[in-house]
Amino acid sequence: MKKRTRWFLSIMAICLLTLGGTLSASAFTPFYDDFNDRPDGLIADNYGINDPLGKWDVTSQRFYSINHQGYTNSPVFRAVTYQSDFNDVDVSSDMMRTNTGIEDYDGLQLFFRYKDANNLYVAGLRKDGQLHLKRKYRKKYTTLALVPYVTVPGVFYNFRIVAVGGSIKVYVNGVEQIAVRDSTFTIGKVGMRTDNIEAYFDNFQALNI
Ligand SMILES: [Ca+2]
């Protein structure tokens, strides 16, 4: 074998090894639900009905599909993914409420790095015209950020959270609103939370980055 050929084969072998490594690293499956493949009706609830597509674990009350969107009118709604390996995560959803809620903090919220009901991060658009990011650690809530962001009923907002290491950023309609650092939780589920509102979700996605 000529020296040049050997050199070429060595380079090819390195490329294949690198490609193999990349492929195994990207074996993680992104989570996506646009609700377009779901018939109108109950997706899942916390009373014994499980999601036929195996995506959502409803931990409080009921989650429906209506007109190819996720929907809930439960006063205390919680749903998380069964998938629990989101660490450096980019999670987003279009979200809309049709009414304002009761308490100041009622609104459209997303969970991330959700370990269990008592250990998690949650961010959301509130009734009182603010946007919050909270950490719940051993049942105790700590507000990590609270900034003005007025939303109105009947309008979809694209809500996005990007958590990489200790960096947590929150975006609404593509514009960064919150940037903080917190490293309490590094991995977990993602999900949705609403209180005292009627809400729609669409194009929910989460991927490790
Ligand atoms: Ca849809």
# chains A, B, ... in the order shown; residues from 1 in each chain; ligands from 1

$ residues_around --residues "Gly48 of chain A" --least-positions-apart "2" --cutoff "12 Å" --atoms "only C-alpha atoms" --output "VMD selection string"
chain A and resid 42 to 46 50 to 51 57 to 62

$ write_last_selection --atoms "C-alpha atoms" --output "PDB file, in the first residue's frame"
ATOM      1  CA  LEU A  42     -59.472  13.290  26.177  1.00  0.00           C
ATOM      2  CA  ILE A  43     -55.721  12.713  25.814  1.00  0.00           C
ATOM      3  CA  ALA A  44     -55.129  11.625  29.402  1.00  0.00           C
ATOM      4  CA  ASP A  45     -56.173  12.348  32.950  1.00  0.00           C
ATOM      5  CA  ASN A  46     -55.143  11.723  36.503  1.00  0.00           C
ATOM      6  CA  ASN A  50     -53.288   7.194  29.882  1.00  0.00           C
ATOM      7  CA  ASP A  51     -52.062   8.985  26.768  1.00  0.00           C
ATOM      8  CA  ASP A  57     -48.267  11.928  32.110  1.00  0.00           C
ATOM      9  CA  VAL A  58     -51.128  14.029  33.487  1.00  0.00           C
ATOM     10  CA  THR A  59     -50.444  14.366  37.203  1.00  0.00           C
ATOM     11  CA  SER A  60     -53.410  16.617  37.963  1.00  0.00           C
ATOM     12  CA  GLN A  61     -56.860  16.605  36.377  1.00  0.00           C
ATOM     13  CA  ARG A  62     -57.463  16.445  32.611  1.00  0.00           C
TER      14      ARG A  62
END

$ residues_around --residues "Tyr141 of chain A" --least-positions-apart "6" --cutoff "10 Å" --atoms "only C-alpha atoms" --output "number ranges by chain"
A: 118-122, 134-135

$ closest_atom_pairs --of "chain A" --to "ligand 1" --cutoff "7 Å" --atoms "only C-alpha atoms and all ligand atoms" --output "tab-separated table"
residue	atom	partner	partner_atom_place_in_ligand_line	distance
A:Asp34	CA	ligand 1	1 (Ca)	4.2
A:Phe35	CA	ligand 1	1 (Ca)	4.8
A:Asn36	CA	ligand 1	1 (Ca)	4.8
A:His68	CA	ligand 1	1 (Ca)	4.3
A:Gln69	CA	ligand 1	1 (Ca)	4.7
A:Asp202	CA	ligand 1	1 (Ca)	5.2
A:Asn203	CA	ligand 1	1 (Ca)	6.0

$ closest_residue --among "A:Phe185, A:Phe201, A:Phe156, A:Phe111" --to "Val170 of chain A" --atoms "only C-alpha atoms"
A:Phe111

$ select_by_dssp --residues "segment 13-142 of chain A" --states "helix (DSSP H, G or I)" --output "PyMOL selection string"
chain A and resi 13-25

$ write_last_selection --atoms "C-alpha atoms" --output "tab-separated table (two decimals), in the first residue's frame"
chain	number	residue	atom	x	y	z
A	13	ALA	CA	-11.14	5.84	9.68
A	14	ILE	CA	-10.91	8.92	11.94
A	15	CYS	CA	-13.86	10.50	10.10
A	16	LEU	CA	-15.98	7.35	10.52
A	17	LEU	CA	-15.10	7.11	14.21
A	18	THR	CA	-16.03	10.75	14.69
A	19	LEU	CA	-19.28	10.26	12.80
A	20	GLY	CA	-20.09	7.18	14.90
A	21	GLY	CA	-19.49	9.17	18.06
A	22	THR	CA	-21.71	11.97	16.81
A	23	LEU	CA	-24.47	9.55	15.89
A	24	SER	CA	-24.45	7.85	19.27
A	25	ALA	CA	-24.45	11.25	21.01

$ select_by_dssp --residues "segment 5-204 of chain A" --states "strand (DSSP E)" --output "ChimeraX atom specification"
/A:31-33,41-45,56-60,62-66,69-72,76-81,89-97,107-116,119-126,130-137,140-148,157-164,167-172,175-181,189-195,199-204

$ atom_distance --atom1 "atom CA of Ile197 of chain A" --atom2 "atom CA of Arg138 of chain A"
26.5 Å

$ atom_distance --atom1 "atom CA of Tyr47 of chain A" --atom2 "atom CA of Tyr200 of chain A"
21.0 Å

$ atom_distance --atom1 "atom CA of Ser65 of chain A" --atom2 "atom CA of Ser93 of chain A"
14.9 Å

$ residues_around --residues "Arg126 of chain A" --least-positions-apart "6" --cutoff "12 Å" --atoms "only C-alpha atoms" --output "number ranges by chain"
A: 96-97, 99-110, 132-133, 146-153, 193-197

$ residues_around --residues "Asn173 of chain A" --least-positions-apart "6" --cutoff "10 Å" --atoms "only C-alpha atoms" --output "list in words"
Asp94, Phe156, Tyr157, Asn158, Phe159 and Arg160 of chain A

$ closest_residue --among "A:Phe204, A:Gln83, A:Gly41, A:Thr143" --to "Phe28 of chain A" --atoms "only C-alpha atoms"
A:Gln83
